[in-house]
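Peer 1: The structure follows.
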Amino acid sequence: MSKLYDIIDKLEETQNLEKEEFINLLDNLTESLAQYAYEKARKVAREHFGNRIYIRGLIEISNYCKNDCLYCGIRRSNTNADRYRLNKEDVFSCCHTGYNLGFRTFVLQGGEDPFYSDEFLIELISEIKKNYPDCAITLSLGEKSRDSYQKLFDAGADRYLLRHETADEAHYSKLHPKELTLESRKSCLQSLHDIGYQTGTGFMVGSPWQTNENLAQDILFIKELSPEMVGLGPFIPHHDTPFAGEAQGALDKTLFLLALLRLMKPSLLLPSTTALGTIHPKGRELGILAGANVVMPNLSPVDVRKKYLLYDNKLSSDAEAAEGLNSLKKQMDAIGYEVVTDRGDYAPQLRKGVLLDV
Ligand code: 5AD
């Protein structure tokens, strides 16, 4: 069994493992192996980021979605979802509040809502950039044409989050309706990367039918794409979806995967996600202690927060909320970390003065 610890050491040293080695780790995960990985991941994150935690203000602009992903609470066919859309003024007002609280990244996230044309988004992005030139804009608005991605980038968007959800074709087709394909998702990610966005991908841990082999495929896909950001959190069932009766993803496995990603790519921007905070009262802190370095508090208008319900019991208040920044700061301080007012851009890794990745 000591061989498992050697595999973690190898990952730390070489930033690479074979698929079988990842599967072996996941198949034989124990509490002590996990602790070993967390400790190393924490150390690596400290070397790269110090004790600094980056924050992003998350603005959920619309819960209308033309897609029908089986896991998601805002899927098209959920007629019980109470739909809303923010207009430009709403978003500006979120940015205003966020800026004064110390946020220097605004994440505009939403369902795939055709209401938001390129023209609308270009105006929105340009206006935010004009008013807050020292801030970064991250978009998380799903699949678009390369041309649209380019236009939004030219308007000033800096980063784009688009989780691949699972890197296995067969698994992908069990989680999504047939109009959505892994191939198209991958091609979007490639376009985003080529255009020059700091690009984020990611996946859910413990989604229905997921195997450890699938997770190894996810990690290797991430290795190949080499994104600047990775979002991962446990799958959590939503009562109005076909997956209502499925089990939620496990805390320890999610944390272990965070640690593996940190060891594989020390410079990765890795959030401790809301989903992690939702399944455990200390989830957010545990994520940081397993190597995460970003937190994304909710900056949406208070009256819409409960409506952006991707999964049941999704947190949106207290330390999960932008105005609860002080409690977040206290939580981070209690475990030895400091929340900073900083754009928190991706910075490639240096080892012994040599640039390792760009
Ligand atoms: N549980 C956990 N995460 C979910 N997401 C959507 N639905 C769920 C769920 N039921 C995640 C997806 C998506 C991101 C915005 O939220 O991975 O990419």
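For the structure tokens, the naming scheme is as follows: chains receive sequential letters (A, B, ...) according to their order of presentation, residues are indexed from 1 within each chain, and ligands are indexed from 1 in presentation order.
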Pick out each residue of stretch 51-190 of chain A that DSSP on the backbone tags as helix (DSSP H, G or I); I need them as JSON, numbers by chain.
Peer 2: {"A": [88, 89, 90, 91, 92, 93, 94, 95, 96, 97, 98, 99, 100, 101, 118, 119, 120, 121, 122, 123, 124, 125, 126, 127, 128, 129, 130, 131, 146, 147, 148, 149, 150, 151, 152, 153, 154, 169, 170, 171, 172, 173, 174, 175, 182, 183, 184, 185, 186, 187, 188, 189, 190]}
Peer 1: Among stretch 184-329 of chain A, which ones does DSSP assign to strand (DSSP E) (computed from the backbone)? Answer as number ranges by chain.
Peer 2: A: 198-205, 229-234, 294-295
Peer 1: Please provide as a list in words all residues within 10 Å of A:His96, with the sequence filter that same-chain residues fewer than 5 positions apart are discarded (counting only C-alpha atoms).
Peer 2: Asp90, Val91, Leu101, Phe103, Ile128, Asn131 and Tyr132 of chain A
Peer 1: Would you mind exporting the chosen residues as an mmCIF file, in the first residue's frame, restricted to C-alpha atoms?
Peer 2:
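So again15.cif came out as:
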data_model
loop_
_atom_site.group_PDB
_atom_site.id
_atom_site.type_symbol
_atom_site.label_atom_id
_atom_site.label_comp_id
_atom_site.auth_asym_id
_atom_site.auth_seq_id
_atom_site.Cartn_x
_atom_site.Cartn_y
_atom_site.Cartn_z
ATOM 1 C CA ASP A 90 -28.999 45.414 -12.363
ATOM 2 C CA VAL A 91 -25.571 44.116 -13.366
ATOM 3 C CA LEU A 101 -16.507 45.506 -1.109
ATOM 4 C CA PHE A 103 -13.907 42.583 -5.636
ATOM 5 C CA ILE A 128 -18.129 47.488 -16.981
ATOM 6 C CA ASN A 131 -16.172 52.003 -15.237
ATOM 7 C CA TYR A 132 -13.789 49.521 -13.612
#
Peer 1: Would you mind listing what lies within 9 Å of A:Cys69 as a PyMOL selection string, with only C-alpha atoms counted and same-chain residues fewer than 5 positions away left out?
Peer 2: chain A and resi 74-76+175-177+180+241
Peer 1: Please provide the set of residues having any atom within 12 Å of A:Leu162, restricted to only C-alpha atoms, with same-chain residues fewer than 6 positions apart removed, written as a PDB file with C-alpha atoms, in the first residue's frame.
Peer 2:
ATOM      1  CA  GLN A 109     -22.706  33.510 -15.194  1.00  0.00           C
ATOM      2  CA  GLY A 110     -26.014  32.338 -16.601  1.00  0.00           C
ATOM      3  CA  GLY A 111     -27.955  29.675 -18.390  1.00  0.00           C
ATOM      4  CA  GLU A 112     -27.720  29.640 -22.184  1.00  0.00           C
ATOM      5  CA  THR A 138     -15.012  36.358 -16.399  1.00  0.00           C
ATOM      6  CA  LEU A 139     -17.847  34.985 -18.505  1.00  0.00           C
ATOM      7  CA  SER A 140     -19.647  31.708 -17.829  1.00  0.00           C
ATOM      8  CA  LEU A 141     -22.432  31.682 -20.396  1.00  0.00           C
ATOM      9  CA  GLY A 142     -22.071  28.310 -22.043  1.00  0.00           C
ATOM     10  CA  GLU A 143     -21.404  27.280 -25.612  1.00  0.00           C
ATOM     11  CA  LYS A 144     -21.160  29.954 -28.325  1.00  0.00           C
ATOM     12  CA  TYR A 149     -16.313  34.318 -28.186  1.00  0.00           C
ATOM     13  CA  LEU A 182     -18.535  16.395 -25.782  1.00  0.00           C
ATOM     14  CA  SER A 184     -18.662  20.497 -29.365  1.00  0.00           C
ATOM     15  CA  ARG A 185     -17.780  21.281 -25.736  1.00  0.00           C
ATOM     16  CA  LYS A 186     -14.134  20.498 -26.415  1.00  0.00           C
ATOM     17  CA  SER A 187     -14.125  22.594 -29.552  1.00  0.00           C
ATOM     18  CA  CYS A 188     -15.527  25.566 -27.598  1.00  0.00           C
ATOM     19  CA  LEU A 189     -12.783  25.149 -25.014  1.00  0.00           C
ATOM     20  CA  GLN A 190     -10.150  25.046 -27.735  1.00  0.00           C
ATOM     21  CA  SER A 191     -11.529  28.241 -29.307  1.00  0.00           C
ATOM     22  CA  LEU A 192     -11.548  30.034 -25.958  1.00  0.00           C
ATOM     23  CA  HIS A 193      -7.981  29.003 -25.330  1.00  0.00           C
ATOM     24  CA  TYR A 197      -9.037  33.872 -22.701  1.00  0.00           C
ATOM     25  CA  GLN A 198      -7.788  32.584 -19.371  1.00  0.00           C
ATOM     26  CA  THR A 199      -9.871  29.465 -19.726  1.00  0.00           C
ATOM     27  CA  GLY A 200     -11.530  27.339 -17.096  1.00  0.00           C
ATOM     28  CA  THR A 201     -13.001  23.901 -17.375  1.00  0.00           C
ATOM     29  CA  GLY A 202     -14.120  21.374 -14.768  1.00  0.00           C
ATOM     30  CA  PHE A 203     -16.487  18.635 -13.771  1.00  0.00           C
ATOM     31  CA  PRO A 227      -6.523  25.435 -18.647  1.00  0.00           C
ATOM     32  CA  GLU A 228      -5.733  28.322 -16.308  1.00  0.00           C
ATOM     33  CA  MET A 229      -8.724  27.491 -14.056  1.00  0.00           C
ATOM     34  CA  VAL A 230     -10.599  24.358 -13.013  1.00  0.00           C
ATOM     35  CA  GLY A 231     -13.942  24.323 -11.204  1.00  0.00           C
ATOM     36  CA  LEU A 232     -14.943  21.146  -9.509  1.00  0.00           C
TER      37      LEU A 232
END
Peer 1: Give me, as CSV, the closest atom pair and its distance (Å, one decimal) for every residue of chain A within a cut-off of 6 Å of ligand 1, counting only C-alpha atoms and all ligand atoms, rows sorted by chain and rising number.
Peer 2:
residue,atom,partner,partner_atom_place_in_ligand_line,distance
A:Tyr71,CA,ligand 1,10 (N),4.7
A:Cys72,CA,ligand 1,7 (N),3.8
A:Arg163,CA,ligand 1,18 (O),4.9
A:Glu165,CA,ligand 1,17 (O),5.6
A:Phe203,CA,ligand 1,17 (O),5.4
A:Met204,CA,ligand 1,17 (O),5.4
A:Pro234,CA,ligand 1,2 (C),5.6
A:Phe235,CA,ligand 1,1 (N),3.7
A:Ile236,CA,ligand 1,1 (N),3.8
A:Pro237,CA,ligand 1,10 (N),4.8
A:His238,CA,ligand 1,10 (N),5.5
A:Leu310,CA,ligand 1,7 (N),4.7
A:Tyr311,CA,ligand 1,10 (N),4.3
Peer 1: Would you put the residues from that selection into a file with C-alpha atoms, as a PDB file, in the first residue's frame?
Peer 2:
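Written out: part.pdb:
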ATOM      1  CA  TYR A  71     -28.517  17.190 -13.577  1.00  0.00           C
ATOM      2  CA  CYS A  72     -29.292  20.901 -13.591  1.00  0.00           C
ATOM      3  CA  ARG A 163     -16.883  22.983 -17.543  1.00  0.00           C
ATOM      4  CA  GLU A 165     -18.576  18.052 -17.138  1.00  0.00           C
ATOM      5  CA  PHE A 203     -16.487  18.635 -13.771  1.00  0.00           C
ATOM      6  CA  MET A 204     -18.806  17.350 -11.088  1.00  0.00           C
ATOM      7  CA  PRO A 234     -19.696  17.443  -5.828  1.00  0.00           C
ATOM      8  CA  PHE A 235     -22.808  16.574  -7.810  1.00  0.00           C
ATOM      9  CA  ILE A 236     -25.851  17.484  -5.695  1.00  0.00           C
ATOM     10  CA  PRO A 237     -29.313  16.308  -6.765  1.00  0.00           C
ATOM     11  CA  HIS A 238     -32.034  18.823  -7.567  1.00  0.00           C
ATOM     12  CA  LEU A 310     -28.674  24.534  -9.878  1.00  0.00           C
ATOM     13  CA  TYR A 311     -29.050  21.979  -7.066  1.00  0.00           C
TER      14      TYR A 311
END
Peer 1: Excluding A:Gln15 and residues on its chain fewer than 4 positions from it, collect all residues at most 10 Å away from it, counting only C-alpha atoms, and give them as a VMD selection string.
Peer 2: chain A and resid 8 to 11 223 260 to 266
Peer 1: Can you pull out the residues contacting A:Thr274? Cut-off 10 Å, using only C-alpha atoms, and skip same-chain residues under 3 positions away; I want them as a list of chain:residue names.
Peer 2: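 Returned residues: A:Leu232, A:Gly233, A:Pro234, A:Pro271, A:Gly277, A:Thr278, A:Ile279, A:Gly283, A:Arg284, A:Val295, A:Met296, A:Pro297, A:Asn298, A:Lys314, A:Leu315, A:Ser316, A:Glu320.
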Peer 1: Once you have the residues from the selection above, write them out as a compact mmCIF listing (two decimals), in the first residue's frame, restricted to all heavy atoms.
Peer 2:
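The result, stored in result-v5.txt:
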# COMPACT_ATOMS: atom_id res chain seq x y z
N LEU A 232 -14.34 22.46 -9.75
CA LEU A 232 -14.94 21.15 -9.51
C LEU A 232 -15.63 21.13 -8.16
O LEU A 232 -15.17 21.71 -7.19
CB LEU A 232 -13.95 20.01 -9.70
CG LEU A 232 -12.83 19.74 -8.73
CD1 LEU A 232 -13.29 18.85 -7.61
CD2 LEU A 232 -11.72 19.03 -9.50
N GLY A 233 -16.77 20.45 -8.16
CA GLY A 233 -17.53 20.35 -6.93
C GLY A 233 -18.34 19.07 -6.99
O GLY A 233 -18.45 18.45 -8.05
N PRO A 234 -18.89 18.67 -5.84
CA PRO A 234 -19.70 17.44 -5.83
C PRO A 234 -20.99 17.63 -6.61
O PRO A 234 -21.56 18.73 -6.61
CB PRO A 234 -19.99 17.25 -4.34
CG PRO A 234 -19.93 18.63 -3.77
CD PRO A 234 -18.87 19.36 -4.55
N PRO A 271 -10.94 27.08 -7.52
CA PRO A 271 -11.87 27.52 -6.48
C PRO A 271 -12.33 26.41 -5.54
O PRO A 271 -12.44 25.25 -5.93
CB PRO A 271 -13.07 28.07 -7.26
CG PRO A 271 -12.95 27.54 -8.63
CD PRO A 271 -11.53 27.10 -8.86
N GLY A 277 -19.14 23.87 -0.25
CA GLY A 277 -19.67 24.51 0.97
C GLY A 277 -21.08 24.03 1.29
O GLY A 277 -21.49 24.03 2.45
N THR A 278 -21.81 23.62 0.27
CA THR A 278 -23.20 23.19 0.48
C THR A 278 -23.28 21.80 1.13
O THR A 278 -24.19 21.54 1.91
CB THR A 278 -23.95 23.20 -0.88
OG1 THR A 278 -23.93 24.53 -1.40
CG2 THR A 278 -25.39 22.73 -0.74
N ILE A 279 -22.34 20.91 0.80
CA ILE A 279 -22.45 19.54 1.35
C ILE A 279 -21.80 19.38 2.72
O ILE A 279 -21.96 18.36 3.37
CB ILE A 279 -21.92 18.43 0.41
CG1 ILE A 279 -20.43 18.59 0.12
CG2 ILE A 279 -22.74 18.38 -0.88
CD1 ILE A 279 -19.80 17.32 -0.44
N GLY A 283 -16.98 22.94 4.32
CA GLY A 283 -16.54 22.53 2.98
C GLY A 283 -15.58 23.50 2.32
O GLY A 283 -14.57 23.10 1.75
N ARG A 284 -15.90 24.79 2.44
CA ARG A 284 -15.06 25.80 1.79
C ARG A 284 -13.64 25.80 2.37
O ARG A 284 -12.66 25.81 1.65
CB ARG A 284 -15.70 27.16 1.99
CG ARG A 284 -15.38 28.18 0.99
CD ARG A 284 -16.10 29.49 1.29
NE ARG A 284 -16.90 29.42 2.50
CZ ARG A 284 -18.22 29.33 2.53
NH1 ARG A 284 -18.89 29.35 1.42
NH2 ARG A 284 -18.87 29.25 3.68
N VAL A 295 -12.13 31.74 -3.97
CA VAL A 295 -13.51 31.60 -3.49
C VAL A 295 -14.37 32.58 -4.30
O VAL A 295 -13.93 33.67 -4.64
CB VAL A 295 -13.64 31.91 -1.98
CG1 VAL A 295 -15.06 31.66 -1.50
CG2 VAL A 295 -12.69 31.04 -1.17
N MET A 296 -15.58 32.16 -4.63
CA MET A 296 -16.44 32.97 -5.49
C MET A 296 -17.76 33.31 -4.80
O MET A 296 -18.78 32.70 -5.07
CB MET A 296 -16.71 32.22 -6.80
CG MET A 296 -15.42 31.92 -7.57
SD MET A 296 -15.61 30.74 -8.92
CE MET A 296 -16.62 31.67 -10.05
N PRO A 297 -17.76 34.31 -3.93
CA PRO A 297 -19.01 34.67 -3.23
C PRO A 297 -20.06 35.24 -4.19
O PRO A 297 -19.74 35.77 -5.25
CB PRO A 297 -18.57 35.75 -2.22
CG PRO A 297 -17.10 35.58 -2.08
CD PRO A 297 -16.63 35.11 -3.43
N ASN A 298 -21.31 35.10 -3.78
CA ASN A 298 -22.43 35.49 -4.61
C ASN A 298 -22.70 36.99 -4.52
O ASN A 298 -22.94 37.54 -3.44
CB ASN A 298 -23.66 34.71 -4.15
CG ASN A 298 -24.75 34.73 -5.17
OD1 ASN A 298 -25.07 35.78 -5.71
ND2 ASN A 298 -25.31 33.58 -5.46
N LYS A 314 -28.57 25.03 -2.37
CA LYS A 314 -27.39 25.81 -2.79
C LYS A 314 -27.23 27.03 -1.88
O LYS A 314 -28.15 27.82 -1.70
CB LYS A 314 -27.55 26.24 -4.24
CG LYS A 314 -26.41 27.08 -4.79
CD LYS A 314 -26.52 27.22 -6.31
CE LYS A 314 -25.69 28.35 -6.85
NZ LYS A 314 -26.41 29.65 -6.85
N LEU A 315 -26.04 27.17 -1.31
CA LEU A 315 -25.78 28.29 -0.39
C LEU A 315 -25.72 29.61 -1.16
O LEU A 315 -25.20 29.67 -2.26
CB LEU A 315 -24.43 28.11 0.31
CG LEU A 315 -24.22 26.93 1.25
CD1 LEU A 315 -22.85 27.04 1.90
CD2 LEU A 315 -25.31 26.86 2.31
N SER A 316 -26.24 30.67 -0.54
CA SER A 316 -26.07 31.99 -1.15
C SER A 316 -26.03 33.08 -0.10
O SER A 316 -26.06 34.26 -0.42
CB SER A 316 -27.18 32.27 -2.16
OG SER A 316 -28.43 32.26 -1.53
N GLU A 320 -20.99 32.87 1.94
CA GLU A 320 -21.13 32.58 0.52
C GLU A 320 -21.58 33.82 -0.25
O GLU A 320 -21.60 33.85 -1.46
CB GLU A 320 -22.14 31.43 0.37
CG GLU A 320 -22.00 30.61 -0.89
CD GLU A 320 -20.64 29.95 -1.04
OE1 GLU A 320 -20.20 29.25 -0.10
OE2 GLU A 320 -20.03 30.15 -2.08
Peer 1: So, with only C-alpha atoms as the atoms that count, which of A:Ser300, A:Leu269, A:Ala290, A:Asn67 lies closest to A:Leu108?
Peer 2: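 Checking each candidate against A:Leu108, we get A:Ser300 as the closest.
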Peer 1: With only C-alpha atoms as the basis for distance, which of A:Asp240, A:Glu224, A:Asp342, A:Glu12 is at the shortest distance from A:Arg42?
Peer 2: A:Glu12
Peer 1: Which is closest to A:Tyr36 among A:Ala167, A:Leu4, A:Ala81, A:Leu152, if we use only C-alpha atoms?
Peer 2: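 So, comparing all the options, the nearest one is A:Leu4.
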Peer 1: Rank nothing, just name the residue among A:Ile23, A:Arg305, A:Leu289, A:Val107 nearest to A:Ser317, using only C-alpha atoms.
Peer 2: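 Of A:Ile23, A:Arg305, A:Leu289, A:Val107, the one nearest A:Ser317, counting only C-alpha atoms, is A:Arg305.
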Peer 1: From the list A:Asp154, A:Asp27, A:Glu47, A:Glu60, which residue is nearest A:Val304 when using only C-alpha atoms?
Peer 2: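 Ranking A:Asp154, A:Asp27, A:Glu47, A:Glu60 by distance to A:Val304, first place goes to A:Glu60.
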Peer 1: Restricting the calculation to only C-alpha atoms: of A:Ala216, A:Leu251, A:Ala259, A:Ala170, which residue gets closest to A:Ala292?
Peer 2: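 Looking at the shortest contact to A:Ala292, the residue is A:Ala259.
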Peer 1: Just how far from atom CA of A:Gly324 is atom CA of A:Leu268, in Å to one decimal?
Peer 2: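 Result for atom CA of A:Leu268 versus atom CA of A:Gly324: 25.8 Å, one decimal.
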